[in-house]
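So this one's model_15.cif, mmCIF, C-alpha atoms:
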```
data_entry
#
loop_
_atom_site.group_PDB
_atom_site.id
_atom_site.type_symbol
_atom_site.label_atom_id
_atom_site.label_comp_id
_atom_site.auth_asym_id
_atom_site.auth_seq_id
_atom_site.Cartn_x
_atom_site.Cartn_y
_atom_site.Cartn_z
ATOM 1 C CA MET V 1 13.207 -59.330 -68.250
ATOM 2 C CA ALA V 2 16.706 -58.892 -66.941
ATOM 3 C CA GLU V 3 18.493 -61.646 -65.113
ATOM 4 C CA GLY V 4 18.455 -59.591 -61.928
ATOM 5 C CA ASP V 5 14.646 -59.700 -61.824
ATOM 6 C CA PHE V 6 14.614 -63.498 -61.697
ATOM 7 C CA ILE V 7 17.061 -63.504 -58.842
ATOM 8 C CA GLY V 8 14.910 -60.947 -56.999
ATOM 9 C CA ILE V 9 11.744 -63.028 -57.464
ATOM 10 C CA PHE V 10 13.635 -66.163 -56.427
ATOM 11 C CA ILE V 11 14.866 -64.547 -53.209
ATOM 12 C CA ALA V 12 11.412 -63.147 -52.446
ATOM 13 C CA CYS V 13 9.819 -66.588 -52.878
ATOM 14 C CA GLY V 14 12.575 -68.125 -50.789
ATOM 15 C CA CYS V 15 11.914 -65.695 -47.943
ATOM 16 C CA VAL V 16 8.227 -66.646 -47.899
ATOM 17 C CA VAL V 17 8.494 -70.399 -48.428
ATOM 18 C CA GLY V 18 11.906 -70.935 -46.810
ATOM 19 C CA PRO V 19 10.928 -70.786 -43.117
ATOM 20 C CA TRP V 20 7.947 -73.091 -43.705
ATOM 21 C CA LEU V 21 10.084 -75.558 -45.577
ATOM 22 C CA LEU V 22 12.711 -75.406 -42.842
ATOM 23 C CA SER V 23 10.025 -75.954 -40.218
ATOM 24 C CA LEU V 24 8.534 -78.893 -42.150
ATOM 25 C CA VAL V 25 11.880 -80.638 -42.484
ATOM 26 C CA ALA V 26 12.839 -79.924 -38.867
ATOM 27 C CA THR V 27 9.484 -81.246 -37.633
ATOM 28 C CA MET V 28 9.740 -84.428 -39.654
ATOM 29 C CA ILE V 29 13.239 -85.184 -38.434
ATOM 30 C CA TYR V 30 13.114 -83.975 -34.822
ATOM 31 C CA GLN V 31 9.712 -85.093 -33.531
ATOM 32 C CA PRO V 32 9.700 -88.778 -34.615
ATOM 33 C CA ARG V 33 13.165 -89.168 -33.127
ATOM 34 C CA LYS V 34 12.060 -87.783 -29.764
ATOM 35 C CA ARG V 35 8.915 -89.942 -29.806
ATOM 36 C CA LYS V 36 11.001 -93.019 -30.455
ATOM 37 C CA VAL V 37 13.186 -92.277 -27.429
ATOM 38 C CA LEU V 38 10.065 -91.791 -25.306
ATOM 39 C CA LEU V 39 8.626 -95.114 -26.482
ATOM 40 C CA GLU V 40 11.832 -96.886 -25.488
ATOM 41 C CA ARG V 41 11.710 -95.338 -22.014
ATOM 42 C CA GLU V 42 8.055 -96.291 -21.687
ATOM 43 C CA SER V 43 8.602 -99.902 -22.660
ATOM 44 C CA ALA V 44 11.524 -100.146 -20.241
ATOM 45 C CA ALA V 45 9.259 -98.912 -17.424
ATOM 46 C CA ALA V 46 6.342 -101.137 -18.448
ATOM 47 C CA VAL V 47 8.271 -104.337 -17.682
ATOM 48 C CA THR V 48 7.407 -104.147 -13.980
ATOM 49 C CA GLY V 49 3.832 -102.922 -14.545
ATOM 50 C CA ASP V 50 2.515 -99.371 -14.416
ATOM 51 C CA ALA V 51 3.195 -97.578 -11.145
ATOM 52 C CA LEU V 52 0.558 -94.903 -11.715
ATOM 53 C CA THR V 53 -3.051 -95.272 -10.566
ATOM 54 C CA THR V 54 -5.937 -92.878 -10.066
ATOM 55 C CA LEU V 55 -7.249 -94.829 -7.081
ATOM 56 C CA SER V 56 -7.420 -92.887 -3.838
ATOM 57 C CA LYS V 57 -6.232 -95.887 -1.810
ATOM 58 C CA PRO V 58 -3.585 -98.462 -2.640
ATOM 59 C CA PHE V 59 -5.028 -101.616 -4.147
ATOM 60 C CA GLY V 60 -6.072 -104.142 -1.520
ATOM 61 C CA ASN V 61 -5.764 -101.556 1.281
ATOM 62 C CA ARG V 62 -2.083 -102.237 1.844
ATOM 63 C CA GLU V 63 -0.396 -100.281 4.578
ATOM 64 C CA ILE V 64 1.534 -97.159 3.565
ATOM 65 C CA ARG V 65 4.901 -96.703 5.213
ATOM 66 C CA GLU V 66 5.949 -93.456 3.603
ATOM 67 C CA PHE V 67 4.430 -90.988 1.177
ATOM 68 C CA ARG V 68 5.232 -87.800 -0.646
ATOM 69 C CA VAL V 69 3.444 -85.595 -3.178
ATOM 70 C CA MET V 70 5.328 -85.713 -6.458
ATOM 71 C CA MET V 71 4.777 -83.900 -9.694
ATOM 72 C CA ALA V 72 6.171 -83.712 -13.182
ATOM 73 C CA ASN V 73 5.429 -81.185 -15.864
ATOM 74 C CA VAL V 74 6.248 -80.511 -19.467
ATOM 75 C CA VAL V 75 5.596 -77.653 -21.878
ATOM 76 C CA MET V 76 5.187 -78.810 -25.468
ATOM 77 C CA SER V 77 4.708 -76.656 -28.459
ATOM 78 C CA PRO V 78 3.539 -77.508 -31.967
ATOM 79 C CA SER V 79 5.861 -76.412 -34.741
ATOM 80 C CA TRP V 80 5.036 -73.637 -37.189
ATOM 81 C CA VAL V 81 3.935 -76.106 -39.838
ATOM 82 C CA GLN V 82 1.716 -77.965 -37.357
ATOM 83 C CA MET V 83 0.123 -74.712 -36.207
ATOM 84 C CA TRP V 84 -0.473 -73.724 -39.816
ATOM 85 C CA ILE V 85 -2.049 -77.082 -40.727
ATOM 86 C CA GLY V 86 -4.079 -76.970 -37.526
ATOM 87 C CA GLY V 87 -5.344 -73.519 -38.443
ATOM 88 C CA ILE V 88 -6.518 -74.722 -41.840
ATOM 89 C CA MET V 89 -8.055 -77.920 -40.421
ATOM 90 C CA SER V 90 -10.035 -75.962 -37.820
ATOM 91 C CA ILE V 91 -12.011 -74.333 -40.656
ATOM 92 C CA PHE V 92 -13.511 -77.749 -41.443
ATOM 93 C CA GLY V 93 -13.770 -78.873 -37.834
ATOM 94 C CA GLY V 94 -13.541 -82.459 -36.664
ATOM 95 C CA GLN V 95 -10.432 -84.020 -35.239
ATOM 96 C CA ILE V 96 -7.284 -81.979 -35.716
ATOM 97 C CA ASN V 97 -4.698 -84.693 -35.907
ATOM 98 C CA VAL V 98 -1.577 -82.533 -35.643
ATOM 99 C CA TYR V 99 -2.683 -81.047 -32.310
ATOM 100 C CA THR V 100 -3.882 -84.392 -30.974
ATOM 101 C CA LYS V 101 -0.429 -85.777 -31.619
ATOM 102 C CA VAL V 102 1.377 -82.985 -29.767
ATOM 103 C CA VAL V 103 -0.895 -83.005 -26.710
ATOM 104 C CA ASP V 104 -0.817 -86.800 -26.498
ATOM 105 C CA TRP V 105 2.948 -86.754 -26.749
ATOM 106 C CA ALA V 106 3.214 -84.152 -23.978
ATOM 107 C CA ARG V 107 0.975 -86.163 -21.686
ATOM 108 C CA ARG V 108 2.923 -89.363 -22.225
ATOM 109 C CA GLU V 109 6.181 -87.515 -21.629
ATOM 110 C CA ALA V 110 4.930 -86.000 -18.358
ATOM 111 C CA LYS V 111 3.644 -89.357 -17.101
ATOM 112 C CA GLN V 112 6.904 -91.046 -18.005
ATOM 113 C CA ARG V 113 8.866 -88.378 -16.115
ATOM 114 C CA LEU V 114 6.776 -88.969 -13.022
ATOM 115 C CA ARG V 115 7.361 -92.726 -13.292
ATOM 116 C CA GLU V 116 11.112 -92.165 -13.497
ATOM 117 C CA GLN V 117 11.135 -89.676 -10.619
ATOM 118 C CA VAL V 118 9.142 -92.050 -8.435
ATOM 119 C CA SER V 119 11.306 -95.081 -9.073
ATOM 120 C CA GLU V 120 14.476 -93.022 -8.597
ATOM 121 C CA ALA V 121 13.267 -91.877 -5.171
ATOM 122 C CA GLY V 122 12.509 -95.499 -4.274
ATOM 123 C CA PHE V 123 8.719 -95.327 -4.104
ATOM 124 C CA ASP V 124 6.522 -98.241 -5.177
ATOM 125 C CA GLU V 125 3.397 -96.646 -6.531
ATOM 126 C CA VAL V 126 1.589 -93.376 -7.180
ATOM 127 C CA ILE V 127 -2.009 -93.071 -6.047
ATOM 128 C CA ASN V 128 -4.617 -90.406 -6.763
ATOM 129 C CA LEU V 129 -2.963 -89.289 -9.974
ATOM 130 C CA ARG V 130 -4.254 -86.040 -11.441
ATOM 131 C CA ILE V 131 -3.549 -84.586 -14.862
ATOM 132 C CA GLU V 132 -3.881 -80.876 -15.591
ATOM 133 C CA THR V 133 -3.702 -79.285 -19.020
ATOM 134 C CA THR V 134 -3.168 -75.595 -19.642
ATOM 135 C CA MET V 135 -2.879 -73.699 -22.878
ATOM 136 C CA MET V 136 -0.186 -71.069 -22.827
ATOM 137 C CA THR V 137 -1.545 -68.331 -25.028
ATOM 138 C CA LYS V 138 0.185 -66.022 -27.399
ATOM 139 C CA THR V 139 0.652 -62.412 -26.434
ATOM 140 C CA LYS V 140 -1.733 -60.131 -28.259
ATOM 141 C CA GLY V 141 -0.152 -57.907 -30.880
ATOM 142 C CA GLY V 142 1.696 -60.722 -32.597
ATOM 143 C CA LYS V 143 5.133 -59.923 -31.207
ATOM 144 C CA ASP V 144 5.373 -63.151 -29.285
ATOM 145 C CA ARG V 145 4.872 -66.053 -31.665
ATOM 146 C CA THR V 146 5.158 -68.899 -29.188
ATOM 147 C CA SER V 147 2.296 -70.984 -27.989
ATOM 148 C CA GLY V 148 2.273 -74.253 -26.187
ATOM 149 C CA VAL V 149 0.475 -76.594 -23.902
ATOM 150 C CA GLU V 150 1.549 -77.355 -20.361
ATOM 151 C CA ILE V 151 0.798 -80.746 -18.863
ATOM 152 C CA LEU V 152 1.131 -81.266 -15.129
ATOM 153 C CA VAL V 153 0.930 -84.741 -13.657
ATOM 154 C CA TYR V 154 0.893 -85.127 -9.885
ATOM 155 C CA GLY V 155 -0.015 -87.653 -7.261
ATOM 156 C CA THR V 156 0.957 -89.162 -3.934
ATOM 157 C CA ALA V 157 3.931 -91.481 -4.215
ATOM 158 C CA ILE V 158 3.803 -94.253 -1.625
ATOM 159 C CA LYS V 159 6.085 -96.872 -0.182
ATOM 160 C CA TYR V 160 4.724 -100.112 1.230
ATOM 161 C CA MET S 1 15.833 -71.475 2.619
ATOM 162 C CA GLN S 2 12.558 -72.730 3.990
ATOM 163 C CA PRO S 3 11.654 -72.123 7.629
ATOM 164 C CA ALA S 4 11.551 -75.252 9.758
ATOM 165 C CA ALA S 5 7.824 -74.952 10.459
ATOM 166 C CA VAL S 6 7.010 -75.111 6.770
ATOM 167 C CA GLN S 7 9.546 -77.846 6.099
ATOM 168 C CA ASN S 8 7.930 -80.093 8.688
ATOM 169 C CA MET S 9 4.473 -79.703 7.170
ATOM 170 C CA ILE S 10 2.954 -82.936 5.922
ATOM 171 C CA PHE S 11 0.845 -82.786 2.809
ATOM 172 C CA SER S 12 -0.787 -85.301 0.550
ATOM 173 C CA ASN S 13 -3.226 -85.227 -2.306
ATOM 174 C CA ILE S 14 -5.389 -87.995 -0.893
ATOM 175 C CA GLU S 15 -8.134 -87.440 1.683
ATOM 176 C CA THR S 16 -6.125 -88.757 4.600
ATOM 177 C CA ILE S 17 -2.645 -88.669 6.024
ATOM 178 C CA PRO S 18 -1.557 -92.326 6.036
ATOM 179 C CA GLY S 19 -0.791 -93.549 9.534
ATOM 180 C CA MET S 20 -2.387 -90.544 11.253
ATOM 181 C CA THR S 21 -5.867 -89.496 12.287
ATOM 182 C CA ILE S 22 -7.253 -86.083 11.457
ATOM 183 C CA THR S 23 -8.688 -84.448 14.529
ATOM 184 C CA GLN S 24 -9.606 -80.992 13.309
ATOM 185 C CA SER S 25 -10.186 -79.216 10.028
ATOM 186 C CA LEU S 26 -9.018 -75.625 9.720
ATOM 187 C CA GLY S 27 -10.474 -74.714 6.351
ATOM 188 C CA VAL S 28 -9.160 -74.204 2.871
ATOM 189 C CA VAL S 29 -5.676 -72.804 2.414
ATOM 190 C CA SER S 30 -4.226 -71.639 -0.869
ATOM 191 C CA GLY S 31 -1.142 -70.103 -2.357
ATOM 192 C CA SER S 32 -0.728 -68.602 -5.781
ATOM 193 C CA THR S 33 1.788 -66.841 -7.947
ATOM 194 C CA VAL S 34 1.623 -65.173 -11.344
ATOM 195 C CA ARG S 35 4.655 -65.522 -13.549
ATOM 196 C CA ALA S 36 5.340 -63.941 -16.889
ATOM 197 C CA LYS S 37 7.612 -65.372 -19.515
ATOM 198 C CA ASN S 38 11.077 -63.951 -19.827
ATOM 199 C CA VAL S 39 11.783 -61.939 -22.981
ATOM 200 C CA PHE S 40 15.151 -63.586 -23.559
ATOM 201 C CA LYS S 41 13.793 -67.048 -22.996
ATOM 202 C CA ASP S 42 10.986 -66.168 -25.403
ATOM 203 C CA ILE S 43 13.466 -65.607 -28.194
ATOM 204 C CA GLY S 44 14.876 -69.062 -27.666
ATOM 205 C CA ALA S 45 11.376 -70.516 -27.512
ATOM 206 C CA ALA S 46 10.434 -68.851 -30.802
ATOM 207 C CA PHE S 47 13.323 -70.659 -32.485
ATOM 208 C CA LYS S 48 12.296 -73.873 -30.775
ATOM 209 C CA ASN S 49 8.902 -73.538 -32.453
ATOM 210 C CA ILE S 50 10.483 -74.239 -35.835
ATOM 211 C CA ALA S 51 10.705 -77.920 -34.969
ATOM 212 C CA GLY S 52 8.126 -78.002 -32.157
ATOM 213 C CA GLY S 53 8.564 -80.146 -29.088
ATOM 214 C CA GLU S 54 9.443 -79.351 -25.526
ATOM 215 C CA ILE S 55 10.342 -75.836 -24.424
ATOM 216 C CA LYS S 56 12.661 -76.556 -21.502
ATOM 217 C CA ALA S 57 12.870 -72.941 -20.304
ATOM 218 C CA TYR S 58 9.115 -72.856 -19.711
ATOM 219 C CA THR S 59 9.021 -76.276 -18.122
ATOM 220 C CA GLU S 60 11.580 -75.124 -15.564
ATOM 221 C CA LEU S 61 9.895 -71.766 -15.064
ATOM 222 C CA LEU S 62 6.549 -73.359 -14.284
ATOM 223 C CA GLN S 63 8.160 -75.955 -12.031
ATOM 224 C CA GLU S 64 9.806 -73.225 -9.946
ATOM 225 C CA SER S 65 6.644 -71.158 -9.798
ATOM 226 C CA ARG S 66 4.568 -74.128 -8.740
ATOM 227 C CA ASN S 67 6.953 -74.865 -5.889
ATOM 228 C CA GLU S 68 6.598 -71.235 -4.864
ATOM 229 C CA ALA S 69 2.790 -71.513 -4.866
ATOM 230 C CA LEU S 70 3.011 -74.713 -2.840
ATOM 231 C CA PHE S 71 5.337 -73.014 -0.357
ATOM 232 C CA ARG S 72 2.895 -70.127 0.067
ATOM 233 C CA MET S 73 0.065 -72.552 0.666
ATOM 234 C CA LEU S 74 2.096 -74.284 3.379
ATOM 235 C CA GLN S 75 2.903 -70.910 4.928
ATOM 236 C CA ASP S 76 -0.798 -70.120 5.026
ATOM 237 C CA ALA S 77 -1.435 -73.450 6.736
ATOM 238 C CA THR S 78 1.340 -72.810 9.262
ATOM 239 C CA ALA S 79 -0.153 -69.431 10.085
ATOM 240 C CA ARG S 80 -3.427 -71.179 10.938
ATOM 241 C CA GLY S 81 -1.683 -73.573 13.266
ATOM 242 C CA ALA S 82 -2.133 -76.662 11.134
ATOM 243 C CA ASN S 83 0.445 -79.411 10.929
ATOM 244 C CA ALA S 84 -0.793 -81.042 7.732
ATOM 245 C CA VAL S 85 -2.598 -80.275 4.493
ATOM 246 C CA VAL S 86 -4.735 -82.887 2.798
ATOM 247 C CA ASN S 87 -6.242 -83.086 -0.668
ATOM 248 C CA VAL S 88 -3.767 -80.705 -2.249
ATOM 249 C CA ARG S 89 -4.752 -79.688 -5.774
ATOM 250 C CA PHE S 90 -2.938 -77.679 -8.392
ATOM 251 C CA ALA S 91 -4.560 -75.432 -10.957
ATOM 252 C CA THR S 92 -3.039 -73.335 -13.704
ATOM 253 C CA SER S 93 -4.598 -70.686 -15.865
ATOM 254 C CA SER S 94 -3.153 -68.224 -18.272
ATOM 255 C CA VAL S 95 -4.130 -64.690 -17.409
ATOM 256 C CA ALA S 96 -3.307 -61.855 -19.854
ATOM 257 C CA GLY S 97 -1.139 -63.049 -22.731
ATOM 258 C CA GLY S 98 2.184 -64.497 -21.761
ATOM 259 C CA ALA S 99 1.549 -64.759 -18.009
ATOM 260 C CA ALA S 100 0.398 -67.809 -16.103
ATOM 261 C CA GLU S 101 -1.196 -68.079 -12.687
ATOM 262 C CA LEU S 102 -0.304 -71.100 -10.628
ATOM 263 C CA LEU S 103 -2.515 -72.015 -7.720
ATOM 264 C CA ALA S 104 -2.107 -74.652 -5.052
ATOM 265 C CA TYR S 105 -4.914 -75.299 -2.588
ATOM 266 C CA GLY S 106 -5.926 -77.822 -0.004
ATOM 267 C CA THR S 107 -7.536 -78.370 3.371
ATOM 268 C CA ALA S 108 -5.463 -77.511 6.419
ATOM 269 C CA VAL S 109 -5.887 -80.025 9.216
ATOM 270 C CA ILE S 110 -4.450 -81.038 12.545
ATOM 271 C CA ALA S 111 -3.385 -84.665 12.408
ATOM 272 C CA GLN S 112 -2.116 -86.882 15.181
#
```

Go through the file and emit its structure as structure tokens.
Amino acid sequence: MAEGDFIGIFIACGCVVGPWLLSLVATMIYQPRKRKVLLERESAAAVTGDALTTLSKPFGNREIREFRVMMANVVMSPSWVQMWIGGIMSIFGGQINVYTKVVDWARREAKQRLREQVSEAGFDEVINLRIETTMMTKTKGGKDRTSGVEILVYGTAIKY
Amino acid sequence: MQPAAVQNMIFSNIETIPGMTITQSLGVVSGSTVRAKNVFKDIGAAFKNIAGGEIKAYTELLQESRNEALFRMLQDATARGANAVVNVRFATSSVAGGAAELLAYGTAVIAQ
């Protein structure tokens, strides 16, 4: 075999494996870093106790001076590698850890954003919190390769 | 710019309006909008998928659309002569690939 053939095979393999490898490395660097930042924000907010509740009335029937409906949303997407692993795992069924991680992360992020919004606007608490999850599907035909999950968190922010 | 009548609407997602009494119910009001993803934003999102994580363009798109749906719901309530909407709920569903429907609904009431 000529030397040129090896180079050709090498490039062909690189084209197939390269994007996956790139995605794997990018996932392993990018996502833990973002999660760490989120955890820091969460622990900073947790010092004064959680402002979010699903109760329909403030605890102890305290009087509400002011209220406003507030919402926060986030669209998260698994990476190529995560989608690929998820696809393989779904053959066997059971818990698909890679997807669990992404959806859980998105939900925490959305809740944290609401907490920050609420405290910035000077409200004390959020009552009647609701969480909505929507899958954003791929376009049929395979042209559009994106898919993601949208989490919406909303509730009534109140001031005592 | 929002008309004054809509801007003065009170809405909450609990069953009551704190500090007011509901005197009359005027039925269910709703507002919805269907938004499709932008082709140019999609290209950016496809690159974003390499590492995964948040797609900011979509987050903003859905935020805007949801405000639009909420605005339409309040317009509907204004047209019925209500001054408040209670128990507001949001729902999202993806219709036909790449497009999302955002719905806001609640009960229009007169509160004093």

Distance query Ser94 (chain S) at most 12 Å, all atoms listed in the file, self and fewer than 3 positions along chain excluded, as a PyMOL selection string:
(chain V and resi 133-139+147-150) or (chain S and resi 33-37+62+91+97-103)

Given the choices V:Glu42, V:Val118, V:Lys111, V:Met76, which gets closest to Tyr99 (chain V) if the distance is worked out from all atoms listed in the file?
V:Met76

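Within 6 Å of chain V, chain S contributes the residues Ser12, Asn13, Ala46, Asn49, Ile50, Ala51, Gly52, Gly53, Glu54, Ile55, Thr59, Gly97 and Gly98 of chain S, using all atoms listed in the file.
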
Within 10 Å of (-7.1, -93.3, 4.5), in the coordinates the file gives, what residues turn up when you count all atoms listed in the file, written out as a ChimeraX atom specification?
/V:56-58,61,63-64 /S:14-21

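CA of Val86 (chain S) to CA of Tyr58 (chain S) spans 28.3 Å [interatomic distance, one decimal].
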
As an exercise, work out the distance from CA of Thr78 (chain S) to CA of Val6 (chain S) in Å and give it to one decimal place.
6.6 Å

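Of note, CA of Asp50 (chain V) and CA of Asp124 (chain V) are spaced 10.1 Å apart.
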
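Among V:Ser43, V:Ser90, V:Thr54, V:Thr48, the residue with the shortest atom-to-atom distance to Arg108 (chain V), counting all atoms listed in the file, is V:Ser43.
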